[in-house]
Each structure stands twice: as C-alpha cells, then as structure tokens.
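The data block below is model-v9.pdb; it holds PDB, C-alpha atoms, pLDDT in the B column.
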ATOM      1  CA  MET P   1     -16.457 -24.295  16.301  1.00 69.00           C
ATOM      2  CA  SER P   2     -13.044 -24.355  14.638  1.00 89.00           C
ATOM      3  CA  ARG P   3     -12.428 -21.293  12.471  1.00 93.00           C
ATOM      4  CA  PRO P   4      -9.792 -21.722   9.704  1.00 95.00           C
ATOM      5  CA  PHE P   5      -8.826 -18.031   9.605  1.00 95.00           C
ATOM      6  CA  ARG P   6      -8.167 -15.037  11.878  1.00 95.00           C
ATOM      7  CA  VAL P   7      -9.377 -11.450  11.837  1.00 95.00           C
ATOM      8  CA  LEU P   8      -6.170  -9.532  12.544  1.00 94.00           C
ATOM      9  CA  GLY P   9      -7.414  -5.962  12.811  1.00 92.00           C
ATOM     10  CA  ILE P  10      -9.020  -3.064  11.003  1.00 95.00           C
ATOM     11  CA  GLN P  11      -7.534  -2.438   7.564  1.00 96.00           C
ATOM     12  CA  GLN P  12      -9.704   0.547   6.645  1.00 96.00           C
ATOM     13  CA  ILE P  13     -12.752   2.643   7.223  1.00 96.00           C
ATOM     14  CA  ALA P  14     -14.555   4.138   4.258  1.00 96.00           C
ATOM     15  CA  ILE P  15     -16.524   7.352   4.595  1.00 96.00           C
ATOM     16  CA  GLY P  16     -18.704   8.845   1.895  1.00 95.00           C
ATOM     17  CA  ALA P  17     -20.031  12.301   1.122  1.00 96.00           C
ATOM     18  CA  ALA P  18     -21.688  13.958  -1.859  1.00 95.00           C
ATOM     19  CA  ASP P  19     -18.479  16.042  -2.067  1.00 96.00           C
ATOM     20  CA  LYS P  20     -15.381  14.567  -0.382  1.00 96.00           C
ATOM     21  CA  SER P  21     -13.425  17.852  -0.282  1.00 96.00           C
ATOM     22  CA  ARG P  22     -14.541  18.766   3.261  1.00 94.00           C
ATOM     23  CA  LEU P  23     -13.706  15.248   4.441  1.00 96.00           C
ATOM     24  CA  ALA P  24     -10.263  15.548   2.808  1.00 96.00           C
ATOM     25  CA  HIS P  25      -9.700  18.829   4.643  1.00 94.00           C
ATOM     26  CA  LEU P  26     -10.673  17.255   7.979  1.00 94.00           C
ATOM     27  CA  TRP P  27      -8.650  14.035   7.626  1.00 96.00           C
ATOM     28  CA  GLY P  28      -5.724  15.449   5.647  1.00 96.00           C
ATOM     29  CA  THR P  29      -5.235  19.037   6.763  1.00 94.00           C
ATOM     30  CA  LEU P  30      -6.723  19.089  10.258  1.00 93.00           C
ATOM     31  CA  PHE P  31      -5.914  15.528  11.422  1.00 92.00           C
ATOM     32  CA  GLY P  32      -2.661  15.382   9.435  1.00 94.00           C
ATOM     33  CA  LEU P  33      -3.155  12.052   7.684  1.00 96.00           C
ATOM     34  CA  GLU P  34      -1.074  11.476   4.561  1.00 97.00           C
ATOM     35  CA  LYS P  35      -2.856  11.059   1.235  1.00 97.00           C
ATOM     36  CA  THR P  36      -1.275   8.032  -0.417  1.00 96.00           C
ATOM     37  CA  GLY P  37      -3.461   7.500  -3.447  1.00 95.00           C
ATOM     38  CA  ASP P  38      -6.763   7.699  -5.171  1.00 95.00           C
ATOM     39  CA  PHE P  39      -9.092   5.295  -6.913  1.00 96.00           C
ATOM     40  CA  ARG P  40     -11.812   5.813  -9.487  1.00 96.00           C
ATOM     41  CA  SER P  41     -14.263   3.216 -10.773  1.00 95.00           C
ATOM     42  CA  GLU P  42     -17.208   3.937 -13.046  1.00 95.00           C
ATOM     43  CA  ARG P  43     -18.581   0.436 -12.340  1.00 92.00           C
ATOM     44  CA  GLU P  44     -18.552   1.073  -8.583  1.00 93.00           C
ATOM     45  CA  ASN P  45     -19.589   4.741  -9.045  1.00 97.00           C
ATOM     46  CA  VAL P  46     -16.780   5.911  -6.788  1.00 97.00           C
ATOM     47  CA  ASP P  47     -14.161   8.653  -6.772  1.00 97.00           C
ATOM     48  CA  GLU P  48     -11.960   7.946  -3.761  1.00 97.00           C
ATOM     49  CA  ASP P  49      -9.033   9.554  -1.935  1.00 97.00           C
ATOM     50  CA  ILE P  50      -6.933   7.196   0.196  1.00 96.00           C
ATOM     51  CA  PHE P  51      -5.392   8.544   3.413  1.00 97.00           C
ATOM     52  CA  VAL P  52      -3.409   6.534   5.977  1.00 96.00           C
ATOM     53  CA  MET P  53      -2.641   6.609   9.664  1.00 95.00           C
ATOM     54  CA  GLY P  54      -0.172   4.443  11.557  1.00 90.00           C
ATOM     55  CA  VAL P  55       2.691   2.368  10.158  1.00 88.00           C
ATOM     56  CA  GLY P  56       3.430  -1.281   9.465  1.00 86.00           C
ATOM     57  CA  ALA P  57       0.847  -3.692  10.796  1.00 84.00           C
ATOM     58  CA  ALA P  58      -0.856  -0.779  12.615  1.00 87.00           C
ATOM     59  CA  ARG P  59      -1.406   1.131   9.369  1.00 91.00           C
ATOM     60  CA  CYS P  60      -5.066   1.849   8.662  1.00 95.00           C
ATOM     61  CA  GLU P  61      -6.583   3.455   5.577  1.00 95.00           C
ATOM     62  CA  VAL P  62      -9.259   6.117   5.711  1.00 96.00           C
ATOM     63  CA  ASP P  63     -10.938   6.045   2.310  1.00 96.00           C
ATOM     64  CA  LEU P  64     -12.922   9.177   1.482  1.00 97.00           C
ATOM     65  CA  MET P  65     -15.471   8.551  -1.250  1.00 96.00           C
ATOM     66  CA  GLN P  66     -17.951  10.433  -3.353  1.00 97.00           C
ATOM     67  CA  PRO P  67     -20.187   9.127  -6.116  1.00 98.00           C
ATOM     68  CA  ILE P  68     -19.060   9.903  -9.651  1.00 98.00           C
ATOM     69  CA  ASP P  69     -22.706  10.296 -10.626  1.00 98.00           C
ATOM     70  CA  PRO P  70     -25.067  11.062  -7.707  1.00 96.00           C
ATOM     71  CA  ALA P  71     -28.018   9.878  -9.796  1.00 96.00           C
ATOM     72  CA  LYS P  72     -26.601   6.333 -10.126  1.00 96.00           C
ATOM     73  CA  LYS P  73     -26.203   3.446  -7.724  1.00 93.00           C
ATOM     74  CA  PRO P  74     -24.327   2.395  -5.749  1.00 92.00           C
ATOM     75  CA  ARG P  75     -24.349   5.588  -3.737  1.00 94.00           C
ATOM     76  CA  VAL P  76     -21.056   5.468  -1.836  1.00 94.00           C
ATOM     77  CA  ASP P  77     -22.209   8.373   0.320  1.00 94.00           C
ATOM     78  CA  GLU P  78     -25.303   6.584   1.679  1.00 92.00           C
ATOM     79  CA  PRO P  79     -24.753   5.675   4.459  1.00 90.00           C
ATOM     80  CA  GLN P  80     -21.879   8.038   5.209  1.00 93.00           C
ATOM     81  CA  LEU P  81     -19.943   5.362   7.084  1.00 92.00           C
ATOM     82  CA  ASN P  82     -19.838   3.222   3.954  1.00 91.00           C
ATOM     83  CA  HIS P  83     -17.922   0.190   5.197  1.00 95.00           C
ATOM     84  CA  ILE P  84     -15.180  -1.162   7.400  1.00 96.00           C
ATOM     85  CA  GLY P  85     -12.356  -3.358   6.159  1.00 96.00           C
ATOM     86  CA  LEU P  86     -10.847  -6.165   8.215  1.00 96.00           C
ATOM     87  CA  TRP P  87      -7.429  -7.765   7.749  1.00 96.00           C
ATOM     88  CA  ILE P  88      -7.900 -11.525   7.239  1.00 96.00           C
ATOM     89  CA  ASP P  89      -4.971 -13.936   7.370  1.00 96.00           C
ATOM     90  CA  ASP P  90      -6.427 -16.441   4.842  1.00 97.00           C
ATOM     91  CA  LEU P  91      -9.136 -14.835   2.711  1.00 98.00           C
ATOM     92  CA  PRO P  92     -10.042 -17.827   0.487  1.00 98.00           C
ATOM     93  CA  ARG P  93     -10.495 -20.089   3.510  1.00 97.00           C
ATOM     94  CA  ALA P  94     -12.470 -17.403   5.314  1.00 97.00           C
ATOM     95  CA  VAL P  95     -14.851 -16.967   2.370  1.00 98.00           C
ATOM     96  CA  GLU P  96     -15.324 -20.716   1.993  1.00 97.00           C
ATOM     97  CA  TRP P  97     -15.945 -21.256   5.704  1.00 96.00           C
ATOM     98  CA  LEU P  98     -18.163 -18.212   6.229  1.00 97.00           C
ATOM     99  CA  GLY P  99     -20.204 -19.092   3.141  1.00 96.00           C
ATOM    100  CA  ALA P 100     -20.753 -22.593   4.534  1.00 95.00           C
ATOM    101  CA  GLN P 101     -22.000 -20.950   7.758  1.00 96.00           C
ATOM    102  CA  GLY P 102     -24.690 -19.011   5.838  1.00 96.00           C
ATOM    103  CA  VAL P 103     -22.936 -15.671   5.424  1.00 97.00           C
ATOM    104  CA  ARG P 104     -24.137 -13.635   2.427  1.00 97.00           C
ATOM    105  CA  PHE P 105     -21.483 -12.027   0.227  1.00 98.00           C
ATOM    106  CA  THR P 106     -21.968  -9.291  -2.355  1.00 97.00           C
ATOM    107  CA  PRO P 107     -21.596 -10.252  -6.036  1.00 95.00           C
ATOM    108  CA  GLY P 108     -18.094 -10.183  -7.479  1.00 94.00           C
ATOM    109  CA  GLY P 109     -16.274 -12.741  -5.352  1.00 96.00           C
ATOM    110  CA  ILE P 110     -12.648 -12.253  -4.374  1.00 98.00           C
ATOM    111  CA  ARG P 111     -10.963  -9.565  -6.474  1.00 97.00           C
ATOM    112  CA  LYS P 112      -8.273  -6.869  -6.314  1.00 96.00           C
ATOM    113  CA  GLY P 113      -9.302  -3.834  -4.294  1.00 93.00           C
ATOM    114  CA  ALA P 114      -8.340  -0.175  -4.583  1.00 88.00           C
ATOM    115  CA  ALA P 115      -5.208  -0.675  -2.440  1.00 88.00           C
ATOM    116  CA  GLY P 116      -4.078  -3.717  -4.460  1.00 92.00           C
ATOM    117  CA  PHE P 117      -5.047  -6.386  -1.906  1.00 96.00           C
ATOM    118  CA  ASP P 118      -7.479  -9.226  -2.594  1.00 98.00           C
ATOM    119  CA  ILE P 119     -10.872  -8.341  -1.145  1.00 98.00           C
ATOM    120  CA  THR P 120     -14.474  -9.401  -0.924  1.00 98.00           C
ATOM    121  CA  PHE P 121     -17.519  -7.953   0.835  1.00 97.00           C
ATOM    122  CA  ILE P 122     -20.043  -9.337   3.286  1.00 97.00           C
ATOM    123  CA  HIS P 123     -23.484  -8.068   2.286  1.00 96.00           C
ATOM    124  CA  PRO P 124     -25.193  -5.637   4.656  1.00 94.00           C
ATOM    125  CA  LYS P 125     -28.442  -7.675   4.469  1.00 95.00           C
ATOM    126  CA  GLY P 126     -29.051 -11.393   4.706  1.00 95.00           C
ATOM    127  CA  ASN P 127     -31.642 -13.318   2.728  1.00 97.00           C
ATOM    128  CA  GLU P 128     -33.464 -16.629   3.087  1.00 96.00           C
ATOM    129  CA  ALA P 129     -30.616 -18.712   1.615  1.00 96.00           C
ATOM    130  CA  THR P 130     -27.815 -16.845   3.399  1.00 96.00           C
ATOM    131  CA  PRO P 131     -29.262 -15.243   6.539  1.00 96.00           C
ATOM    132  CA  PHE P 132     -26.051 -13.931   8.122  1.00 96.00           C
ATOM    133  CA  SER P 133     -24.823 -10.488   7.088  1.00 95.00           C
ATOM    134  CA  GLY P 134     -23.363  -7.239   8.393  1.00 93.00           C
ATOM    135  CA  GLU P 135     -26.835  -6.350   9.721  1.00 90.00           C
ATOM    136  CA  GLY P 136     -26.877  -3.049   7.889  1.00 89.00           C
ATOM    137  CA  VAL P 137     -23.102  -2.568   7.645  1.00 90.00           C
ATOM    138  CA  LEU P 138     -21.048  -3.456   4.571  1.00 94.00           C
ATOM    139  CA  ILE P 139     -17.932  -5.362   5.712  1.00 96.00           C
ATOM    140  CA  GLU P 140     -14.871  -5.689   3.498  1.00 97.00           C
ATOM    141  CA  LEU P 141     -12.597  -8.677   4.089  1.00 97.00           C
ATOM    142  CA  VAL P 142      -9.029  -7.901   3.011  1.00 97.00           C
ATOM    143  CA  GLN P 143      -6.233 -10.430   2.519  1.00 98.00           C
ATOM    144  CA  ALA P 144      -3.454  -9.375   4.857  1.00 96.00           C
ATOM    145  CA  PRO P 145       0.001  -9.391   3.225  1.00 95.00           C
ATOM    146  CA  PRO P 146       2.645 -11.665   4.797  1.00 95.00           C
ATOM    147  CA  GLU P 147       4.335  -8.804   6.667  1.00 93.00           C
ATOM    148  CA  VAL P 148       1.070  -7.864   8.403  1.00 93.00           C
ATOM    149  CA  VAL P 149       0.387 -11.495   9.356  1.00 94.00           C
ATOM    150  CA  ALA P 150       3.952 -11.811  10.712  1.00 94.00           C
ATOM    151  CA  ALA P 151       3.658  -8.583  12.713  1.00 92.00           C
ATOM    152  CA  PHE P 152       0.389  -9.674  14.296  1.00 88.00           C
ATOM    153  CA  ASP P 153       1.870 -13.110  15.077  1.00 91.00           C
ATOM    154  CA  ALA P 154       4.861 -11.409  16.752  1.00 90.00           C
ATOM    155  CA  LEU P 155       2.562  -9.209  18.829  1.00 84.00           C
ATOM    156  CA  ALA P 156       0.491 -12.219  19.862  1.00 81.00           C
ATOM    157  CA  ARG P 157       3.626 -13.940  21.210  1.00 82.00           C
ATOM    158  CA  THR P 158       4.518 -11.037  23.530  1.00 76.00           C
TER     159      THR P 158
END
Render the structure in this file as structure tokens.
Amino acid sequence: MSRPFRVLGIQQIAIGAADKSRLAHLWGTLFGLEKTGDFRSERENVDEDIFVMGVGAARCEVDLMQPIDPAKKPRVDEPQLNHIGLWIDDLPRAVEWLGAQGVRFTPGGIRKGAAGFDITFIHPKGNEATPFSGEGVLIELVQAPPEVVAAFDALART
C-alpha cells in the first residue's frame, strides 16, 4: 500500500479539565513549560492555554482546555485527554487518501487551527460508511510547516 504522506511526529497533546488553572500550574509552574498563547472559540466551546516544550522540529504543544460553558457540547474536558495532534507532511493528500481508505473525519474539513496551522480531525468513532476512526480517541492532523518537514528529512538522512 503506497501512502502519499508521512506522519512526522507529535505536534500536540490536548488535555481538558472543568477548570484549567490546576493544569496550568502543573505544566507551567511545576514542569516549567512556557505559555505561548491562548485560544478561545464559542463555536468549539473552548478556552485554551497553549504551552510548549522542545524547540524547532522537536517542539510540541501542550494545550490545556476548559469548556466555556460546561452545560454545552462539545465538552473539551471529557475525556480529559482530549486529543493528540500529529505533524503531517502533506495534509490535503493525507485527507484525500485516508478518506478513500474509509477513515471518518469530523465535520469542518481542513481549516486553520488555534496555532495557525491547517488542521483536520479524525473522528473518534467510525460509522457504516466510514468504519475507520481513532477508536475512541480524537486525532488532529496538522500540516507541518516547511521547516519542520526539512528538519525531519535531515534527521532521517543521519
């Protein structure tokens, strides 16, 4: 099976809580990760702090999320390990190919994510038409910028 894209590494992990302040203390104060931004979306019911570890191609986000309104869906704190994000070298080709293989994506298609990269999500549950999924885990596919692709290519040559 010839795959027209590569998964380069983990771009992020997203963790949810009813109140993200204790998570921010753990990841920011106790672990020493740098807070680099925040993101808020009424449509996605999320108030998010973005922390990072590593540098360059090894940089990984830790997104700490809480619902804006706990009475509304989606509930970004259920499950607490909300999703993982994977660097993809060619996101449009990956989506096209995976879709043709029966992978189920969430509604919304490819769009800009909180960190400014193009993203899309693989649904945590399959259905009859598209049976392949994250099997309970939401998976974010993230278009890797050229410098990340180049760094991974350089590492692969060593």
(request) List the residues selected by the PyMOL selection byres ((chain P and resi 42) around 12) in the file shown, writing them as an MDAnalysis selection string. (result) chainID P and resid 39:41 43:48 66:70 72:76
(request) Quick one: everything within 12 Å of P:Gly136, counting only C-alpha atoms, minus sequence neighbours fewer than 5 positions away in the same chain. Send it as a list in words. (result) Glu78, Pro79, Leu81, Asn82, His83, Ile84, Ile122, His123, Pro124, Lys125 and Gly126 of chain P
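Nearest residue to P:Arg3, choosing from P:Cys60, P:Leu138, P:Leu98, P:Ala71 and counting only C-alpha atoms: P:Leu98.
All residues of protein, DNA or RNA that reach within 12 Å of P:Glu147, judged by all atoms listed in the file and not counting those fewer than 2 positions away in the chain, are Val55, Gly56, Ala57, Ala58, Arg59, Trp87, Asp89, Gln143, Ala144, Pro145, Val149, Ala150, Ala151, Phe152, Asp153 and Ala154 of chain P.
The space separating atom CA of P:Arg104 from atom CA of P:Asp38 comes to 28.5 Å.
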(message) Considering all atoms listed in the file, can you say which of P:Ile50, P:Leu155, P:Val95, P:Ala24 comes closest to P:Ala114?
(response) P:Ile50
Please expand the PyMOL selection byres ((chain P and resi 108) around 10) into the concrete residues it hits in this file, giving the result as a PDB file with C-alpha atoms, in the frame of the given file.
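Output contents, as saved in part-v9.pdb:
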ATOM      1  CA  PHE P 105     -21.483 -12.027   0.227  1.00 98.00           C
ATOM      2  CA  THR P 106     -21.968  -9.291  -2.355  1.00 97.00           C
ATOM      3  CA  PRO P 107     -21.596 -10.252  -6.036  1.00 95.00           C
ATOM      4  CA  GLY P 109     -16.274 -12.741  -5.352  1.00 96.00           C
ATOM      5  CA  ILE P 110     -12.648 -12.253  -4.374  1.00 98.00           C
ATOM      6  CA  ARG P 111     -10.963  -9.565  -6.474  1.00 97.00           C
ATOM      7  CA  ILE P 119     -10.872  -8.341  -1.145  1.00 98.00           C
ATOM      8  CA  THR P 120     -14.474  -9.401  -0.924  1.00 98.00           C
ATOM      9  CA  PHE P 121     -17.519  -7.953   0.835  1.00 97.00           C
TER      10      PHE P 121
END
(request) Name the residues in contact with P:Leu64 at a cut-off of 9 Å, using all atoms listed in the file, excluding same-chain residues fewer than 2 positions from it; report them as a PyMOL selection string. (result) chain P and resi 13-17+20-21+23-24+27+47-51+62+66
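Nearest to P:Glu96 of all the residues P:Pro4, P:Lys112, P:Glu61, P:Asp118 is P:Pro4, based on all atoms listed in the file.
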(request) Taking the point (-8.5, -12.4, 6.8) as given in the file, collect each protein or nucleic acid residue that comes within 8 Å of it, counting only C-alpha atoms, and present the set as a PyMOL selection string. (result) chain P and resi 5-8+86-91+94+141-144
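Reported to one decimal place, the separation of atom CA of P:Asp63 from atom CA of P:Phe31 is 14.1 Å.
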(request) Just the residues within 6 Å of P:Gly85, please, counting only C-alpha atoms, with nothing from its chain fewer than 2 positions along; format it as a PyMOL selection string. (result) chain P and resi 10-12+139-141
(request) Taking the file as shown, find all residues satisfying the PyMOL selection byres ((chain P and resi 130) around 8) and write them as a PyMOL selection string. (result) chain P and resi 99+102-104+126-129+131-133
Mind writing the picked residues with C-alpha atoms as an mmCIF file, keeping the file's coordinate frame?
data_model
loop_
_atom_site.group_PDB
_atom_site.id
_atom_site.type_symbol
_atom_site.label_atom_id
_atom_site.label_comp_id
_atom_site.auth_asym_id
_atom_site.auth_seq_id
_atom_site.Cartn_x
_atom_site.Cartn_y
_atom_site.Cartn_z
ATOM 1 C CA GLY P 99 -20.204 -19.092 3.141
ATOM 2 C CA GLY P 102 -24.690 -19.011 5.838
ATOM 3 C CA VAL P 103 -22.936 -15.671 5.424
ATOM 4 C CA ARG P 104 -24.137 -13.635 2.427
ATOM 5 C CA GLY P 126 -29.051 -11.393 4.706
ATOM 6 C CA ASN P 127 -31.642 -13.318 2.728
ATOM 7 C CA GLU P 128 -33.464 -16.629 3.087
ATOM 8 C CA ALA P 129 -30.616 -18.712 1.615
ATOM 9 C CA PRO P 131 -29.262 -15.243 6.539
ATOM 10 C CA PHE P 132 -26.051 -13.931 8.122
ATOM 11 C CA SER P 133 -24.823 -10.488 7.088
#
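Taking atom CA of P:Ala115 as the reference point, atom CA of P:Leu30 is found at 23.5 Å.
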Serialized stretch 99-111 of chain P w/ all heavy atoms as a PDB file, in the first residue's frame:
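Okay, part28.pdb is ready:
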ATOM      1  N   GLY P  99      -9.447   9.311   3.473  1.00  0.00           N
ATOM      2  CA  GLY P  99     -10.881   9.253   3.202  1.00  0.00           C
ATOM      3  C   GLY P  99     -11.227   8.129   2.235  1.00  0.00           C
ATOM      4  O   GLY P  99     -12.226   7.411   2.414  1.00  0.00           O
ATOM      5  N   ALA P 100     -10.396   7.941   1.218  1.00  0.00           N
ATOM      6  CA  ALA P 100     -10.613   6.863   0.251  1.00  0.00           C
ATOM      7  C   ALA P 100     -10.425   5.486   0.885  1.00  0.00           C
ATOM      8  O   ALA P 100     -10.959   4.493   0.381  1.00  0.00           O
ATOM      9  CB  ALA P 100      -9.666   7.027  -0.939  1.00  0.00           C
ATOM     10  N   GLN P 101      -9.700   5.432   2.014  1.00  0.00           N
ATOM     11  CA  GLN P 101      -9.489   4.171   2.727  1.00  0.00           C
ATOM     12  C   GLN P 101     -10.601   3.895   3.745  1.00  0.00           C
ATOM     13  O   GLN P 101     -10.560   2.898   4.452  1.00  0.00           O
ATOM     14  CB  GLN P 101      -8.140   4.173   3.450  1.00  0.00           C
ATOM     15  CG  GLN P 101      -6.948   4.488   2.583  1.00  0.00           C
ATOM     16  CD  GLN P 101      -6.840   3.604   1.361  1.00  0.00           C
ATOM     17  OE1 GLN P 101      -6.899   2.386   1.466  1.00  0.00           O
ATOM     18  NE2 GLN P 101      -6.688   4.212   0.201  1.00  0.00           N
ATOM     19  N   GLY P 102     -11.579   4.810   3.864  1.00  0.00           N
ATOM     20  CA  GLY P 102     -12.689   4.604   4.791  1.00  0.00           C
ATOM     21  C   GLY P 102     -12.519   5.239   6.146  1.00  0.00           C
ATOM     22  O   GLY P 102     -13.204   4.881   7.102  1.00  0.00           O
ATOM     23  N   VAL P 103     -11.607   6.219   6.247  1.00  0.00           N
ATOM     24  CA  VAL P 103     -11.415   6.915   7.518  1.00  0.00           C
ATOM     25  C   VAL P 103     -12.494   7.985   7.661  1.00  0.00           C
ATOM     26  O   VAL P 103     -12.781   8.737   6.723  1.00  0.00           O
ATOM     27  CB  VAL P 103     -10.008   7.545   7.593  1.00  0.00           C
ATOM     28  CG1 VAL P 103      -9.871   8.439   8.820  1.00  0.00           C
ATOM     29  CG2 VAL P 103      -8.945   6.450   7.620  1.00  0.00           C
ATOM     30  N   ARG P 104     -13.079   8.074   8.843  1.00  0.00           N
ATOM     31  CA  ARG P 104     -14.122   9.065   9.137  1.00  0.00           C
ATOM     32  C   ARG P 104     -13.486  10.321   9.738  1.00  0.00           C
ATOM     33  O   ARG P 104     -12.724  10.230  10.711  1.00  0.00           O
ATOM     34  CB  ARG P 104     -15.141   8.506  10.120  1.00  0.00           C
ATOM     35  CG  ARG P 104     -16.264   9.471  10.420  1.00  0.00           C
ATOM     36  CD  ARG P 104     -17.273   8.867  11.363  1.00  0.00           C
ATOM     37  NE  ARG P 104     -18.363   9.806  11.588  1.00  0.00           N
ATOM     38  CZ  ARG P 104     -19.201   9.720  12.593  1.00  0.00           C
ATOM     39  NH1 ARG P 104     -19.104   8.725  13.471  1.00  0.00           N
ATOM     40  NH2 ARG P 104     -20.151  10.615  12.730  1.00  0.00           N
ATOM     41  N   PHE P 105     -13.810  11.463   9.156  1.00  0.00           N
ATOM     42  CA  PHE P 105     -13.347  12.753   9.661  1.00  0.00           C
ATOM     43  C   PHE P 105     -14.503  13.476  10.344  1.00  0.00           C
ATOM     44  O   PHE P 105     -15.673  13.234  10.046  1.00  0.00           O
ATOM     45  CB  PHE P 105     -12.800  13.619   8.517  1.00  0.00           C
ATOM     46  CG  PHE P 105     -11.506  13.108   7.957  1.00  0.00           C
ATOM     47  CD1 PHE P 105     -11.483  12.199   6.913  1.00  0.00           C
ATOM     48  CD2 PHE P 105     -10.297  13.522   8.500  1.00  0.00           C
ATOM     49  CE1 PHE P 105     -10.286  11.719   6.409  1.00  0.00           C
ATOM     50  CE2 PHE P 105      -9.092  13.045   8.011  1.00  0.00           C
ATOM     51  CZ  PHE P 105      -9.093  12.137   6.956  1.00  0.00           C
ATOM     52  N   THR P 106     -14.175  14.380  11.256  1.00  0.00           N
ATOM     53  CA  THR P 106     -15.202  15.213  11.874  1.00  0.00           C
ATOM     54  C   THR P 106     -15.653  16.264  10.868  1.00  0.00           C
ATOM     55  O   THR P 106     -14.932  16.563   9.916  1.00  0.00           O
ATOM     56  CB  THR P 106     -14.682  15.908  13.144  1.00  0.00           C
ATOM     57  OG1 THR P 106     -13.624  16.791  12.777  1.00  0.00           O
ATOM     58  CG2 THR P 106     -14.210  14.902  14.185  1.00  0.00           C
ATOM     59  N   PRO P 107     -16.826  16.860  11.051  1.00  0.00           N
ATOM     60  CA  PRO P 107     -17.259  17.934  10.150  1.00  0.00           C
ATOM     61  C   PRO P 107     -16.301  19.126  10.227  1.00  0.00           C
ATOM     62  O   PRO P 107     -15.633  19.339  11.225  1.00  0.00           O
ATOM     63  CB  PRO P 107     -18.640  18.315  10.701  1.00  0.00           C
ATOM     64  CG  PRO P 107     -19.094  17.128  11.482  1.00  0.00           C
ATOM     65  CD  PRO P 107     -17.838  16.505  12.038  1.00  0.00           C
ATOM     66  N   GLY P 108     -16.233  19.882   9.166  1.00  0.00           N
ATOM     67  CA  GLY P 108     -15.428  21.101   9.166  1.00  0.00           C
ATOM     68  C   GLY P 108     -14.293  21.089   8.173  1.00  0.00           C
ATOM     69  O   GLY P 108     -13.757  22.134   7.837  1.00  0.00           O
ATOM     70  N   GLY P 109     -13.868  19.906   7.731  1.00  0.00           N
ATOM     71  CA  GLY P 109     -12.808  19.821   6.742  1.00  0.00           C
ATOM     72  C   GLY P 109     -11.495  20.410   7.225  1.00  0.00           C
ATOM     73  O   GLY P 109     -11.279  20.603   8.425  1.00  0.00           O
ATOM     74  N   ILE P 110     -10.632  20.729   6.277  1.00  0.00           N
ATOM     75  CA  ILE P 110      -9.347  21.352   6.609  1.00  0.00           C
ATOM     76  C   ILE P 110      -9.587  22.829   6.879  1.00  0.00           C
ATOM     77  O   ILE P 110     -10.271  23.504   6.122  1.00  0.00           O
ATOM     78  CB  ILE P 110      -8.336  21.165   5.453  1.00  0.00           C
ATOM     79  CG1 ILE P 110      -8.023  19.672   5.269  1.00  0.00           C
ATOM     80  CG2 ILE P 110      -7.058  21.959   5.730  1.00  0.00           C
ATOM     81  CD1 ILE P 110      -7.133  19.366   4.074  1.00  0.00           C
ATOM     82  N   ARG P 111      -9.022  23.315   7.990  1.00  0.00           N
ATOM     83  CA  ARG P 111      -9.211  24.708   8.396  1.00  0.00           C
ATOM     84  C   ARG P 111      -8.022  25.143   9.239  1.00  0.00           C
ATOM     85  O   ARG P 111      -7.207  24.320   9.627  1.00  0.00           O
ATOM     86  CB  ARG P 111     -10.503  24.852   9.180  1.00  0.00           C
ATOM     87  CG  ARG P 111     -10.534  23.972  10.431  1.00  0.00           C
ATOM     88  CD  ARG P 111     -11.956  23.769  10.939  1.00  0.00           C
ATOM     89  NE  ARG P 111     -12.048  22.907  12.077  1.00  0.00           N
ATOM     90  CZ  ARG P 111     -12.153  21.594  12.035  1.00  0.00           C
ATOM     91  NH1 ARG P 111     -12.095  20.940  10.893  1.00  0.00           N
ATOM     92  NH2 ARG P 111     -12.284  20.884  13.143  1.00  0.00           N
TER      93      ARG P 111
END
